[in-house]
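*Asks:* Can you keep this structure in mind? I'll have questions shortly.
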Amino acid sequence: DIENQIYQIQPKMSPKLIILVIILSASSIARSFNYDCLGNEIEKYTLPNLDYELDALEPVISKTMLEVHYNKHHAGYVNKLNILMKQLQEAMINRDLSKIVNLLQDIQFNGGSHINHSLYWKNMSPTKLGGGKLPDPSSKFYQHITAQWGNFQTLIQYITSRATGIKGSGWAWLAYQKESKQIVYEETLGQDTISMKGNLIPLLAIDVWEHAYYIDYKNLRPQYLKQIWDIIDWQEVEKRYLEAILQQLFCSKNYLLFQIRIRMKWN
Amino acid sequence: DIETNLTNPDKMIVKYSLPKLRYELNALEPIISKTMLDIHYNKHHVAYVNKLNMLLEQLQEAMNKGDITKIVNLQQEIQFNGGSHINHSLYWENLSPSAMGGGKLPDASSKFFKHVSTQWGSFQTLIDYMITRATGIKGSGWAWLAYHKESKQIIYEETLGQDTISMKGNLIPLLTIDVWEHAYYIDYKNARPQYLKEIWNIIDWKEVEKRYEAAIQSDIKLFSYIFMNQRLM
């Protein structure tokens with residue numbers, strides 16, 4: 001069964017691409033240790049660049065609202081995260097367990113926020129860049145959704161109604177559950193990340209903190225959740241889905257041997 | 001603010017309503033603008049009240065039918081909307097325009113003033129502490145000053161979502177400050193610290209003191225009851 005899945009994806013994965021993926025994951029792991037063992041800064045966390053202009057998501061998200069959300073809220077979390085990480089590094093060097101433990105909740109909050117918001121910006125897109133456009137019906141992702149949820153409209157209505165009901169600040173998610181290989185709806189409160197809930201890969205994130213919609217929609221969260229589908233970048237969601245499957249295969253046993261077998265079959 | 005449906009005694013339906021504000025919608029300016037107060041009161045709070053009434057009706061039906069599943073399913077929503085109604089009602093009541101005494105500290109000779117000074121040193125210390133803590137609430141919630149009955153202490157507490165202060169234990173609410181983003185976003189956007197700095201200009205310390213007096217009174221009543229019973233024994 002896994003073989004069949006790989007056969008379907010393989011044409012997109014040349015050996016060069018595999019090597020690239022390996023190099024990129026290695027370097028991102030290296031980059032995640034921002035400070036060397038002497039406490040010197042290697043690299044700070046930064047606001048990710050948006051793939052679109054600040055006014056590009058109008059009228060769904062106004063320029064003003066996007067600007068405040070991105071340049072004030074997200075930037076605030078990133079700055080706080082960098083300060084905390086530096087304090088964490090110092091506390092680790094000093095072996096100050098009390099301090100380490102005290103920092104963890106704030107790091108989880110600000111770090112979680114950085115992760116969540118970065119995913120959020122990336123899975124939105126103006127209409128002219130493909131925002132709102134459903135994936136191709138022949139794609140694996142489209143077929144998985146329809147097999148599990150019936151159709152995209154059902155899924156969208158479900159997410160909208162659940163996300164409306166989140167009591168307070170939190171996030172609504174579409175995620176890939178690794179063991180069951182299911183695409184599931186999930187919720188997190190505050191700035192908790194989806195991976196905190198278990199073996200879940202985030203596919204789609206929607207911010208339902210009030211700051212995500214208040215300027216344009218005030219108390220009308222249902223209206224925000226109805227409009228946002230016009231700017232959801234389903235291409236990005238699909239990409240994350242394929243990477244999730246790839247990751248599973250990448251980690252499975254005998255993967256290399258299996259790769260060799262496939263190539264020999266091709267040749 | 002409760003009206004009961006007495007025409008059908010078998011199904012007593014309690015209907016909650018928005019409490020009346022003691023001040024005009026523009027009275028809390030410039031700290032809370034008319035627009036922001038209007039939306040917070042007439043859109044957010046109203047929606048909680050309407051939802052609460054609907055849920056209580058559903059609860060009554062479920063109880064009449066003995067539908068335990070439905071009863072259980074309703075609990076979380078009732079806690080949320082009901083808690084919200086309680087919290088917001090306390091919030092409106094402990095705010096007041098300066099013309100009506102908002103921002104004015106209690107009299108230095110009062111029991112309440114002395115209790116706060118004894119425990120916290122000064123009102124400024126207490127206020128600074130509340131600002132720091134309330135700023136740090138991660139997400140939607142409320143910042144409280146409360147009277148703890150066993151220890152007879154005036155303490156700071158936090159609740160998340162629409163949890164009420166009494167859910168945390170034997171605590172009487174004295175002062176409450178809404179730190180849900182909708183409570184400040186229109187006027188302050190992301191600058192929650194600014195909102196928390198300004199709000200002290202409209203805190204009605206008379207109301208806070210009134211709640212404190214009521215809280216300690218109930219202690220005294222209980223004490224005299226026990227005392228009387230012991231004497232009789």
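A note on labels: chains of the structure tokens are A, B, ... as shown, every chain counts residues from 1, and ligands are counted from 1 in their shown order.
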For chain A, list the residues within 7 Å of chain B, counting only C-alpha atoms, and write the list as a list in words.

*Replies:* His73, Lys167, Gly168, Ser169, Gly190, Glu210, His211 and Asn219 of chain A

*Asks:* With only C-alpha atoms as the counted atoms, please give the residues lying no more than 12 Å from A:Ile107, apart from itself and same-chain residues fewer than 6 positions off, as a VMD selection string.

*Replies:* (chain A and resid 77 to 88 100 to 101 113 to 115 191 to 192) or (chain B and resid 138)

*Asks:* Could you give me, as a list in words, the residues within 10 Å of B:Lys104, counting only C-alpha atoms and dropping anything in the same chain fewer than 6 positions from it?

*Replies:*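 Contacts, in chain order: Ser96, Ser98, Trp200, Asn201, Ile202, Ile203, Asp204, Trp205 and Lys206 of chain B.
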
*Asks:* Could you pull out the strand (DSSP E) residues of stretch 10-215 of chain B from DSSP and send them as a PyMOL selection string?

*Replies:* chain B and resi 14-16+141-148+153-160+171-178

*Asks:* What residues in stretch 57-226 of chain B get the DSSP label alpha helix (DSSP H)? Please answer as number ranges by chain.

*Replies:* B: 57-65, 68-93, 111-120, 123-135, 185-188, 192-198, 205-226

*Asks:* Could you give me, as a list in words, the residues within 8 Å of B:Ala143, counting only C-alpha atoms and dropping anything in the same chain fewer than 6 positions from it?

*Replies:*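 What passes the distance filter is Met130, Arg133, Ala134, Tyr156, Glu157, Glu158, Thr159, Thr176, Ile177, Asp178 and Val179 of chain B.
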
*Asks:* Please determine, counting only C-alpha atoms, which residue among A:Tyr213, A:Trp234, A:Tyr224, A:Trp173 has the shortest atom-to-atom distance to A:Met65.

*Replies:*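 Ranked by minimum distance to A:Met65, first place goes to A:Tyr213.
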
*Asks:* Nearest to A:Tyr142: which of A:Ser195, A:Gln248, A:Gln235, A:Thr64 is it, counting only C-alpha atoms?

*Replies:*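 Ranked by minimum distance to A:Tyr142, first place goes to A:Gln235.
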
*Asks:* Extract, using only C-alpha atoms, all DNA, RNA and protein residues at most 10 Å from A:Pro59, discarding same-chain residues fewer than 4 positions from it, and format them as a ChimeraX atom specification.

*Replies:* /A:55,63,126,216,227-228,230-231

*Asks:* Neighbours of B:Lys20 within 12 Å (only C-alpha atoms; same-chain residues fewer than 4 positions away dropped), as a list in words?

*Replies:*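 That gives Asp1, Glu24, Leu25, Tyr41, Asn42, His45, Val46, His88, Ser89, Leu90, Trp92 and Glu93 of chain B.
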
*Asks:* For A:Glu186, find every residue with an atom within 8 Å (counting only C-alpha atoms), except residues of its own chain fewer than 6 positions away, and show them as a PyMOL selection string.

*Replies:* chain A and resi 172-175+194
